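**Q** Sharing a structure with you now.
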Amino acid sequence: MLSQDELKTMVGQAALQYIHAGDIVGVGTGSTVNRFIDALAANKGLVQGAISSSDATSERLRSAGIPVLSCNEVLRVPLYVDGADEIDPHGYMVKGGGAALTREKIVAAQADLFVCIADQSKLVQTLGSFPLPVEVIPMASERIMLQFRELGGYPSVRLQNGQPLVTDNGQHLIDVRGLQITRPLEFESMVSQWPGVVTVGVFAFQKAAVCLVGTENGVKTIRYG
Ligand code: 5RP
């Protein structure tokens, strides 16, 4: 039986097939993406540089000798590789378990192809079992939590060492349990318009084009229409 880490390593390496030598690529955040960064580090010179979705990823890329460029200087990349907390049969995802959802959505929006790398535990029929991360402006968090309660959700502010976690963007995160997100496009549109919401962790408009899923029998490729 392969370990979770071995499955992550497999999909991290498999994502290399989508890179053309000399590309600048978008790089997500999380333990699965860290294995992709390891694969880039082992293939020195394959990419010219990267745009990054978090301070943690930027630091890892730089340690691997990969130049990190800003999204304002590189407006378009051919590829974005990132993990997910949940992915449904259409390629719609919940992301943000690692608190990087806002920059992940920005980088995804600047990429031609989103390749999700995940182990099979992330495949779901309906989004919502994983607590939905929502980055918010702190002064709006109580009202936004009320709005989620009205939808039947159970929101809470994400804490770190007993204090609200502060994101790379200086904001707070709410995690919402108990939702069943059956219409991800409509849900993302609606919540994104609530005043004080910076980013909702439903990635429906920036969905995956491909998911590389780590299984006991190797890497399975799922393509979404
Ligand atoms: C970070 C994310 C990650 O992609 C997601 O949490 C999956 O992480 P991991 O690969 O560690 O399971 O959205 O904000």
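Chain identifiers are assigned as A, B, and so on, following the order in which chains appear in the structure tokens; residues are numbered from 1 within each chain, and ligands are numbered from 1 in order of appearance.
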Counting only C-alpha atoms, which residues of region 113-132 of chain A fall within 12 Å of region 6-14 of chain A, and what is the closest atom pair for each with its distance in Å at one decimal, ordered by chain and rising number, as a Markdown table?

**A**
```
| residue | atom | partner | partner_atom | distance |
| --- | --- | --- | --- | --- |
| A:Val115 | CA | A:Val11 | CA | 10.4 |
| A:Cys116 | CA | A:Val11 | CA | 9.2 |
| A:Ile117 | CA | A:Val11 | CA | 5.8 |
| A:Ala118 | CA | A:Lys8 | CA | 6.8 |
| A:Asp119 | CA | A:Leu7 | CA | 6.2 |
| A:Gln120 | CA | A:Leu7 | CA | 9.0 |
| A:Ser121 | CA | A:Leu7 | CA | 10.8 |
| A:Lys122 | CA | A:Lys8 | CA | 11.8 |
```

**Q** As an NGL selection string, please: every residue in region 74-179 of chain A that a backbone DSSP assignment puts in helix (DSSP H, G or I).

**A** :A and (101-109 or 120-122 or 138-150)

**Q** Could you produce a table of the residues of chain A lying within 9 Å of ligand 1, with the nearest pair of atoms per residue and their separation in Å rounded to one decimal, using only C-alpha atoms and all ligand atoms, ordered by chain and increasing residue number, as JSON lines?

**A**
```
{"residue": "A:Lys8", "atom": "CA", "partner": "ligand 1", "partner_atom_place_in_ligand_line": "10 (O)", "distance": 7.7}
{"residue": "A:Gly28", "atom": "CA", "partner": "ligand 1", "partner_atom_place_in_ligand_line": "4 (O)", "distance": 6.4}
{"residue": "A:Thr29", "atom": "CA", "partner": "ligand 1", "partner_atom_place_in_ligand_line": "1 (C)", "distance": 4.9}
{"residue": "A:Gly30", "atom": "CA", "partner": "ligand 1", "partner_atom_place_in_ligand_line": "11 (O)", "distance": 3.8}
{"residue": "A:Ser31", "atom": "CA", "partner": "ligand 1", "partner_atom_place_in_ligand_line": "11 (O)", "distance": 3.6}
{"residue": "A:Thr32", "atom": "CA", "partner": "ligand 1", "partner_atom_place_in_ligand_line": "10 (O)", "distance": 3.7}
{"residue": "A:Val33", "atom": "CA", "partner": "ligand 1", "partner_atom_place_in_ligand_line": "10 (O)", "distance": 5.9}
{"residue": "A:Asn34", "atom": "CA", "partner": "ligand 1", "partner_atom_place_in_ligand_line": "10 (O)", "distance": 7.8}
{"residue": "A:Arg35", "atom": "CA", "partner": "ligand 1", "partner_atom_place_in_ligand_line": "10 (O)", "distance": 9.0}
{"residue": "A:Ser53", "atom": "CA", "partner": "ligand 1", "partner_atom_place_in_ligand_line": "14 (O)", "distance": 8.6}
{"residue": "A:Ser54", "atom": "CA", "partner": "ligand 1", "partner_atom_place_in_ligand_line": "14 (O)", "distance": 8.5}
{"residue": "A:Asp82", "atom": "CA", "partner": "ligand 1", "partner_atom_place_in_ligand_line": "4 (O)", "distance": 5.5}
{"residue": "A:Gly83", "atom": "CA", "partner": "ligand 1", "partner_atom_place_in_ligand_line": "4 (O)", "distance": 3.6}
{"residue": "A:Ala84", "atom": "CA", "partner": "ligand 1", "partner_atom_place_in_ligand_line": "4 (O)", "distance": 4.1}
{"residue": "A:Asp85", "atom": "CA", "partner": "ligand 1", "partner_atom_place_in_ligand_line": "5 (C)", "distance": 4.7}
{"residue": "A:Glu86", "atom": "CA", "partner": "ligand 1", "partner_atom_place_in_ligand_line": "7 (C)", "distance": 8.2}
{"residue": "A:Val94", "atom": "CA", "partner": "ligand 1", "partner_atom_place_in_ligand_line": "13 (O)", "distance": 7.3}
{"residue": "A:Lys95", "atom": "CA", "partner": "ligand 1", "partner_atom_place_in_ligand_line": "13 (O)", "distance": 3.7}
{"residue": "A:Gly96", "atom": "CA", "partner": "ligand 1", "partner_atom_place_in_ligand_line": "14 (O)", "distance": 3.3}
{"residue": "A:Gly97", "atom": "CA", "partner": "ligand 1", "partner_atom_place_in_ligand_line": "6 (O)", "distance": 3.6}
{"residue": "A:Gly98", "atom": "CA", "partner": "ligand 1", "partner_atom_place_in_ligand_line": "14 (O)", "distance": 3.5}
{"residue": "A:Ala99", "atom": "CA", "partner": "ligand 1", "partner_atom_place_in_ligand_line": "14 (O)", "distance": 4.4}
{"residue": "A:Ala100", "atom": "CA", "partner": "ligand 1", "partner_atom_place_in_ligand_line": "14 (O)", "distance": 3.8}
{"residue": "A:Leu101", "atom": "CA", "partner": "ligand 1", "partner_atom_place_in_ligand_line": "14 (O)", "distance": 4.8}
{"residue": "A:Thr102", "atom": "CA", "partner": "ligand 1", "partner_atom_place_in_ligand_line": "14 (O)", "distance": 8.3}
{"residue": "A:Arg103", "atom": "CA", "partner": "ligand 1", "partner_atom_place_in_ligand_line": "14 (O)", "distance": 8.7}
{"residue": "A:Glu104", "atom": "CA", "partner": "ligand 1", "partner_atom_place_in_ligand_line": "14 (O)", "distance": 7.1}
{"residue": "A:Cys116", "atom": "CA", "partner": "ligand 1", "partner_atom_place_in_ligand_line": "4 (O)", "distance": 8.4}
{"residue": "A:Ile117", "atom": "CA", "partner": "ligand 1", "partner_atom_place_in_ligand_line": "10 (O)", "distance": 7.7}
{"residue": "A:Ala118", "atom": "CA", "partner": "ligand 1", "partner_atom_place_in_ligand_line": "10 (O)", "distance": 6.7}
{"residue": "A:Asp119", "atom": "CA", "partner": "ligand 1", "partner_atom_place_in_ligand_line": "12 (O)", "distance": 8.3}
{"residue": "A:Lys122", "atom": "CA", "partner": "ligand 1", "partner_atom_place_in_ligand_line": "12 (O)", "distance": 8.2}
{"residue": "A:Pro133", "atom": "CA", "partner": "ligand 1", "partner_atom_place_in_ligand_line": "14 (O)", "distance": 8.6}
{"residue": "A:Gly201", "atom": "CA", "partner": "ligand 1", "partner_atom_place_in_ligand_line": "13 (O)", "distance": 7.9}
```

**Q** Would you return as a PyMOL selection string the members of region 70-155 of chain A that DSSP assigns to strand (DSSP E) on this structure's backbone?

**A** chain A and resi 77-82+86-87+93-94+111-119+132-136+154-155

**Q** Using only C-alpha atoms for the distances, tell me which of A:Met145, A:Cys211, A:Val219, A:Ile66 is nearest to Val27 (chain A).

**A**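 Closest residue, counting only C-alpha atoms: A:Ile66.
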
**Q** Any idea what's packed within 9 Å of Pro155 (chain A), counting only C-alpha atoms, ignoring anything in its chain fewer than 3 positions away? Could you give it as a PyMOL selection string?

**A** chain A and resi 131-132+144-146+148-149+174-178

**Q** Please produce a file of those selected residues containing all heavy atoms, as an mmCIF file, in the first residue's frame.

**A**
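New file out_34.cif:
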```cif
data_model
loop_
_atom_site.group_PDB
_atom_site.id
_atom_site.type_symbol
_atom_site.label_atom_id
_atom_site.label_comp_id
_atom_site.auth_asym_id
_atom_site.auth_seq_id
_atom_site.Cartn_x
_atom_site.Cartn_y
_atom_site.Cartn_z
ATOM 1 N N PRO A 131 -14.571 21.731 5.130
ATOM 2 C CA PRO A 131 -15.017 23.079 5.533
ATOM 3 C C PRO A 131 -14.566 24.122 4.517
ATOM 4 O O PRO A 131 -13.383 24.201 4.185
ATOM 5 C CB PRO A 131 -14.332 23.282 6.887
ATOM 6 C CG PRO A 131 -14.016 21.898 7.368
ATOM 7 C CD PRO A 131 -13.778 21.052 6.145
ATOM 8 N N LEU A 132 -15.512 24.915 4.029
ATOM 9 C CA LEU A 132 -15.224 25.865 2.951
ATOM 10 C C LEU A 132 -14.446 27.078 3.472
ATOM 11 O O LEU A 132 -14.970 27.841 4.297
ATOM 12 C CB LEU A 132 -16.541 26.340 2.323
ATOM 13 C CG LEU A 132 -16.378 27.433 1.271
ATOM 14 C CD1 LEU A 132 -15.723 26.876 0.009
ATOM 15 C CD2 LEU A 132 -17.728 28.068 0.944
ATOM 16 N N ILE A 144 -20.590 38.267 7.838
ATOM 17 C CA ILE A 144 -20.466 37.212 6.820
ATOM 18 C C ILE A 144 -20.804 35.850 7.443
ATOM 19 O O ILE A 144 -21.483 35.020 6.826
ATOM 20 C CB ILE A 144 -19.049 37.238 6.193
ATOM 21 C CG1 ILE A 144 -18.893 38.504 5.355
ATOM 22 C CG2 ILE A 144 -18.794 35.991 5.331
ATOM 23 C CD1 ILE A 144 -17.455 38.813 4.927
ATOM 24 N N MET A 145 -20.398 35.632 8.695
ATOM 25 C CA MET A 145 -20.731 34.358 9.359
ATOM 26 C C MET A 145 -22.250 34.228 9.519
ATOM 27 O O MET A 145 -22.808 33.147 9.354
ATOM 28 C CB MET A 145 -20.006 34.246 10.691
ATOM 29 C CG MET A 145 -18.509 34.017 10.473
ATOM 30 S SD MET A 145 -17.655 33.278 11.871
ATOM 31 C CE MET A 145 -17.631 34.631 12.994
ATOM 32 N N LEU A 146 -22.915 35.359 9.813
ATOM 33 C CA LEU A 146 -24.386 35.355 9.916
ATOM 34 C C LEU A 146 -24.994 34.947 8.577
ATOM 35 O O LEU A 146 -25.934 34.137 8.515
ATOM 36 C CB LEU A 146 -24.827 36.769 10.305
ATOM 37 C CG LEU A 146 -26.206 36.969 10.869
ATOM 38 C CD1 LEU A 146 -26.350 36.173 12.156
ATOM 39 C CD2 LEU A 146 -26.424 38.468 11.160
ATOM 40 N N PHE A 148 -23.692 33.083 6.297
ATOM 41 C CA PHE A 148 -23.506 31.642 6.089
ATOM 42 C C PHE A 148 -24.459 30.830 6.967
ATOM 43 O O PHE A 148 -24.969 29.792 6.551
ATOM 44 C CB PHE A 148 -22.051 31.223 6.339
ATOM 45 C CG PHE A 148 -21.168 31.452 5.142
ATOM 46 C CD1 PHE A 148 -20.121 32.356 5.191
ATOM 47 C CD2 PHE A 148 -21.392 30.763 3.953
ATOM 48 C CE1 PHE A 148 -19.309 32.568 4.075
ATOM 49 C CE2 PHE A 148 -20.586 30.971 2.829
ATOM 50 C CZ PHE A 148 -19.540 31.880 2.894
ATOM 51 N N ARG A 149 -24.723 31.320 8.189
ATOM 52 C CA ARG A 149 -25.675 30.590 9.052
ATOM 53 C C ARG A 149 -27.045 30.576 8.407
ATOM 54 O O ARG A 149 -27.762 29.582 8.462
ATOM 55 C CB ARG A 149 -25.745 31.243 10.438
ATOM 56 C CG ARG A 149 -24.580 30.845 11.315
ATOM 57 C CD ARG A 149 -24.735 31.286 12.766
ATOM 58 N NE ARG A 149 -23.407 31.377 13.346
ATOM 59 C CZ ARG A 149 -22.711 32.501 13.521
ATOM 60 N NH1 ARG A 149 -23.252 33.688 13.242
ATOM 61 N NH2 ARG A 149 -21.501 32.468 14.012
ATOM 62 N N ILE A 174 -12.514 32.456 7.313
ATOM 63 C CA ILE A 174 -13.651 31.758 7.933
ATOM 64 C C ILE A 174 -13.707 30.375 7.299
ATOM 65 O O ILE A 174 -13.512 30.243 6.083
ATOM 66 C CB ILE A 174 -14.960 32.537 7.645
ATOM 67 C CG1 ILE A 174 -14.967 33.868 8.385
ATOM 68 C CG2 ILE A 174 -16.184 31.723 8.003
ATOM 69 C CD1 ILE A 174 -16.130 34.767 7.990
ATOM 70 N N ASP A 175 -13.954 29.344 8.101
ATOM 71 C CA ASP A 175 -14.197 28.003 7.561
ATOM 72 C C ASP A 175 -15.662 27.668 7.809
ATOM 73 O O ASP A 175 -16.157 27.819 8.938
ATOM 74 C CB ASP A 175 -13.318 26.967 8.280
ATOM 75 C CG ASP A 175 -11.844 27.149 7.939
ATOM 76 O OD1 ASP A 175 -11.499 27.164 6.747
ATOM 77 O OD2 ASP A 175 -11.032 27.289 8.880
ATOM 78 N N VAL A 176 -16.351 27.229 6.758
ATOM 79 C CA VAL A 176 -17.789 26.965 6.888
ATOM 80 C C VAL A 176 -18.057 25.473 6.716
ATOM 81 O O VAL A 176 -17.796 24.905 5.654
ATOM 82 C CB VAL A 176 -18.611 27.761 5.843
ATOM 83 C CG1 VAL A 176 -20.096 27.661 6.176
ATOM 84 C CG2 VAL A 176 -18.166 29.212 5.766
ATOM 85 N N ARG A 177 -18.585 24.879 7.787
ATOM 86 C CA ARG A 177 -18.960 23.461 7.738
ATOM 87 C C ARG A 177 -20.435 23.332 7.384
ATOM 88 O O ARG A 177 -21.201 24.272 7.531
ATOM 89 C CB ARG A 177 -18.716 22.814 9.108
ATOM 90 C CG ARG A 177 -17.242 22.663 9.395
ATOM 91 C CD ARG A 177 -16.903 22.310 10.830
ATOM 92 N NE ARG A 177 -15.452 22.164 10.962
ATOM 93 C CZ ARG A 177 -14.590 23.184 10.995
ATOM 94 N NH1 ARG A 177 -15.025 24.446 10.930
ATOM 95 N NH2 ARG A 177 -13.295 22.968 11.092
ATOM 96 N N GLY A 178 -20.815 22.132 6.929
ATOM 97 C CA GLY A 178 -22.246 21.811 6.784
ATOM 98 C C GLY A 178 -22.891 22.289 5.502
ATOM 99 O O GLY A 178 -24.116 22.254 5.390
#
```

**Q** Which residues come within 12 Å of Arg62 (chain A), counting only C-alpha atoms, excluding same-chain residues fewer than 3 positions away, as a list in words?

**A**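 Returned residues: Ile37, Asp38, Leu40, Ala41, Gly49, Ala50, Ile51, Ser52, Asp55, Ala56, Thr57, Ser58, Glu59, Gly65, Ile66, Pro67, Val68 and Leu69 of chain A.
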
**Q** Need to verify the contact set: Ala208 (chain A), 12 Å, only C-alpha atoms, exclusion of same-chain residues closer than 3 positions in sequence. Can you return it as a VMD selection string?

**A** chain A and resid 79 to 84 86 to 95 105 108 to 109 111 to 118 202 to 205 211 to 212 221 to 225

**Q** Taking a cut-off of 7 Å and counting only C-alpha atoms, can you build a table that, for each residue of region 41-152 of chain A near region 181-195 of chain A, reports the nearest atom pair and how far apart they are in Å (one decimal), sorted by chain then residue number, as CSV?

**A**
```
residue,atom,partner,partner_atom,distance
A:Thr126,CA,A:Thr182,CA,6.2
A:Leu127,CA,A:Ile181,CA,5.2
A:Gly128,CA,A:Ile181,CA,5.6
```

**Q** Write a file of the selected residues as a JSON list (two decimals), in the first residue's frame, keeping N, CA, C and O atoms.

**A**
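File written: selection.json
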```
[["chain", "number", "residue", "atom", "x", "y", "z"],
["A", 126, "THR", "N", -20.12, 15.80, -4.51],
["A", 126, "THR", "CA", -20.64, 17.16, -4.26],
["A", 126, "THR", "C", -19.69, 17.87, -3.31],
["A", 126, "THR", "O", -19.25, 17.29, -2.31],
["A", 127, "LEU", "N", -19.38, 19.13, -3.62],
["A", 127, "LEU", "CA", -18.48, 19.92, -2.77],
["A", 127, "LEU", "C", -19.16, 20.27, -1.45],
["A", 127, "LEU", "O", -20.38, 20.50, -1.42],
["A", 128, "GLY", "N", -18.40, 20.35, -0.39],
["A", 128, "GLY", "CA", -18.96, 20.85, 0.87],
["A", 128, "GLY", "C", -18.61, 20.04, 2.10],
["A", 128, "GLY", "O", -18.77, 20.54, 3.22]]
```

**Q** Pick from A:Gly196, A:Gly45, A:Pro78, A:Gly26: nearest to Met139 (chain A), with only C-alpha atoms counted?

**A**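 So, comparing all the options, the nearest one is A:Gly196.
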
**Q** Report the distance between CA of Ser141 (chain A) and CA of Val198 (chain A) in Å, rounded to one decimal place.

**A**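 CA of Val198 (chain A) lies at a distance of 10.9 Å from CA of Ser141 (chain A).
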
**Q** Kindly give the distance, in Å, that separates CA of Leu165 (chain A) and CA of Leu61 (chain A), rounded to a single decimal.

**A**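 Computing the Euclidean distance for CA of Leu165 (chain A) and CA of Leu61 (chain A) yields 23.6 Å.
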
**Q** Of the candidates A:Ala21, A:Val213, A:Leu179, A:Ala42, which one gets nearest to Leu123 (chain A) if we count only C-alpha atoms?

**A**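 Distance minimum relative to Leu123 (chain A) lands on A:Val213.
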